[in-house]
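A.B. asks: Below are the structure tokens for one structure; questions will follow.
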Amino acid sequence: MSLSKVTFVTVLLMIVSSCNLFASEPESDFNCFGIVVGKDVSADGFVMTAHNEDDGPSCVVNHTKVPRIKHEPNRFVELLNGGKVEQVAETYSYIWSEMPGLLFSDSYINEFGVTIFSDACPSREDEPELTDGGISLMLRRIAVQRATSAREAVLIAGGLIERFGYDGSGRTYTICDPNEGWLLAVVNGKHWVAQRVPNDKVAAIANTYTIRHIDLADKDNYLGTEDIID
């Protein structure tokens, strides 16, 4: 599947915004900003998204295109803290915008237009349940390597969080494809919830959680840990 028009727009926005050309020197490490435009209110009928990564200090951003890769059986992906995830037979091609030296600032977009970036959203969780040290750094890369849609990427990321636990304080991952935009909110530990951005709405995400209403019975618009209400 070839990249759509919105994909190229997204790539350009990712590249320009991650270089921090629109912002002055940040006052702290929590000045990031993301936006998702539903496909019914965008000019060309596709979901559009953009992200401004306001991390310091100033740095050069690396942009790398990674091809599809076939993997031999019984291989594993090693996580930062020592956990292991079973490798799939083939991972998809993606463009990687790397912020050298920073663990949580990288952005990805794959050959299907699945785009992932994030904004730090510190939570009040201070007694997380973690397995094998938890997961954080590799979460978005594994999702973008394996997903053909934003919804699939949310489910992949959610499954990893439930398996290992998120080892950071908290974060909102923005996950989009040309047809759907999702906000995936995670806290320190094994709980997460995701909401689809309505087609006729625009979502703005700073460094705070924005999901207010949860209805896991409405699987078209909400996904999450089964015990999230409890």
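Every chain in the structure tokens takes a letter, A first, then B, and so on in the order presented; its residues are numbered from 1, and the ligands are numbered from 1 following the presented order.
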From a DSSP pass on the backbone, collect the residues of range 34-226 of chain A flagged as strand (DSSP E) and hand them back as a VMD selection string.
C.D. replies: chain A and resid 34 to 37 48 to 52 62 to 66 69 to 70 76 to 78 84 to 86 90 to 91 94 to 98 107 to 110 115 to 120 166 to 176 181 to 189 192 to 196 202 to 205 222 to 224
A.B. asks: Go through range 25-87 of chain A and flag each residue having an atom no more than 9 Å from range 168-191 of chain A; for those, report the closest pair of atoms plus their distance in Å to one decimal, using only C-alpha atoms, ordered by chain and rising number, as JSON lines.
C.D. replies:
{"residue": "A:Gly34", "atom": "CA", "partner": "A:Thr174", "partner_atom": "CA", "distance": 7.7}
{"residue": "A:Ile35", "atom": "CA", "partner": "A:Thr174", "partner_atom": "CA", "distance": 8.5}
{"residue": "A:Val36", "atom": "CA", "partner": "A:Gly181", "partner_atom": "CA", "distance": 6.6}
{"residue": "A:Val37", "atom": "CA", "partner": "A:Gly181", "partner_atom": "CA", "distance": 7.9}
{"residue": "A:Gly38", "atom": "CA", "partner": "A:Gly181", "partner_atom": "CA", "distance": 7.0}
{"residue": "A:Lys39", "atom": "CA", "partner": "A:Asn179", "partner_atom": "CA", "distance": 6.5}
{"residue": "A:Gly45", "atom": "CA", "partner": "A:Asn179", "partner_atom": "CA", "distance": 8.5}
{"residue": "A:Phe46", "atom": "CA", "partner": "A:Pro178", "partner_atom": "CA", "distance": 5.1}
{"residue": "A:Val47", "atom": "CA", "partner": "A:Pro178", "partner_atom": "CA", "distance": 4.9}
{"residue": "A:Met48", "atom": "CA", "partner": "A:Pro178", "partner_atom": "CA", "distance": 7.3}
{"residue": "A:Thr49", "atom": "CA", "partner": "A:Cys176", "partner_atom": "CA", "distance": 7.4}
A.B. asks: Please identify all polymer residues within 9 Å of Tyr222 in chain A, counting only C-alpha atoms, omitting same-chain residues fewer than 5 positions from it, and present them as a list in words.
C.D. replies: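 So, after excluding close chain neighbours, the residues are Val193, Ala194, Gln195, Arg196, Ile214, Asp215, Leu216 and Ala217 of chain A.
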A.B. asks: Just list as a PyMOL selection string whatever in range 1-209 of chain A DSSP marks as alpha helix (DSSP H).
C.D. replies: chain A and resi 5-18+139-146+150-164
A.B. asks: Report the distance between CA of Gly113 in chain A and CA of Ala204 in chain A in Å, rounded to one decimal place.
C.D. replies: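 Taking CA of Gly113 in chain A as the start and CA of Ala204 in chain A as the end point, the length is 20.1 Å.
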A.B. asks: Pick out the residues sitting within 9 Å of Glu86 in chain A, and hand them over as a list in words; count only C-alpha atoms, and ignore anything fewer than 3 positions along from it in its own chain.
C.D. replies: Asn74, Arg75, Phe76 and Val77 of chain A
A.B. asks: Excluding Asp167 in chain A and its own-chain neighbours fewer than 3 positions away, which residues fall within 8 Å of it when counting only C-alpha atoms? Please give them as a list in words.
C.D. replies: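 Within the cut-off, the hits are Pro128, Leu130, Gly133, Gly134, Ile135, Ser136, Asn188 and Gly189 of chain A.
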A.B. asks: If we count only C-alpha atoms, what is near range 97-107 of chain A at a cut-off of 6 Å, once residues fewer than 2 positions away on the same chain are taken out, given as a list in words?
C.D. replies: Val61, Asn62, His63, Ile116, Phe117 and Leu137 of chain A
A.B. asks: Identify which of the residues A:Val197, A:Met138, A:Cys32, A:Ala203 lies closest to Tyr166 in chain A, counting only C-alpha atoms when measuring atom-to-atom distances.
C.D. replies: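 Looking at the shortest contact to Tyr166 in chain A, the residue is A:Met138.
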A.B. asks: Pick the closest to Leu160 in chain A from A:Val88, A:Leu223, A:Ala143, A:Ala120: which is it, counting only C-alpha atoms?
C.D. replies: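 Selected residue with least distance to Leu160 in chain A: A:Ala143.
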A.B. asks: Which one of A:Thr131, A:Arg124, A:Val114, A:Arg68 sits closest to Arg163 in chain A if you count only C-alpha atoms?
C.D. replies: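 Going through A:Thr131, A:Arg124, A:Val114, A:Arg68 one by one, the smallest distance to Arg163 in chain A is for A:Thr131.
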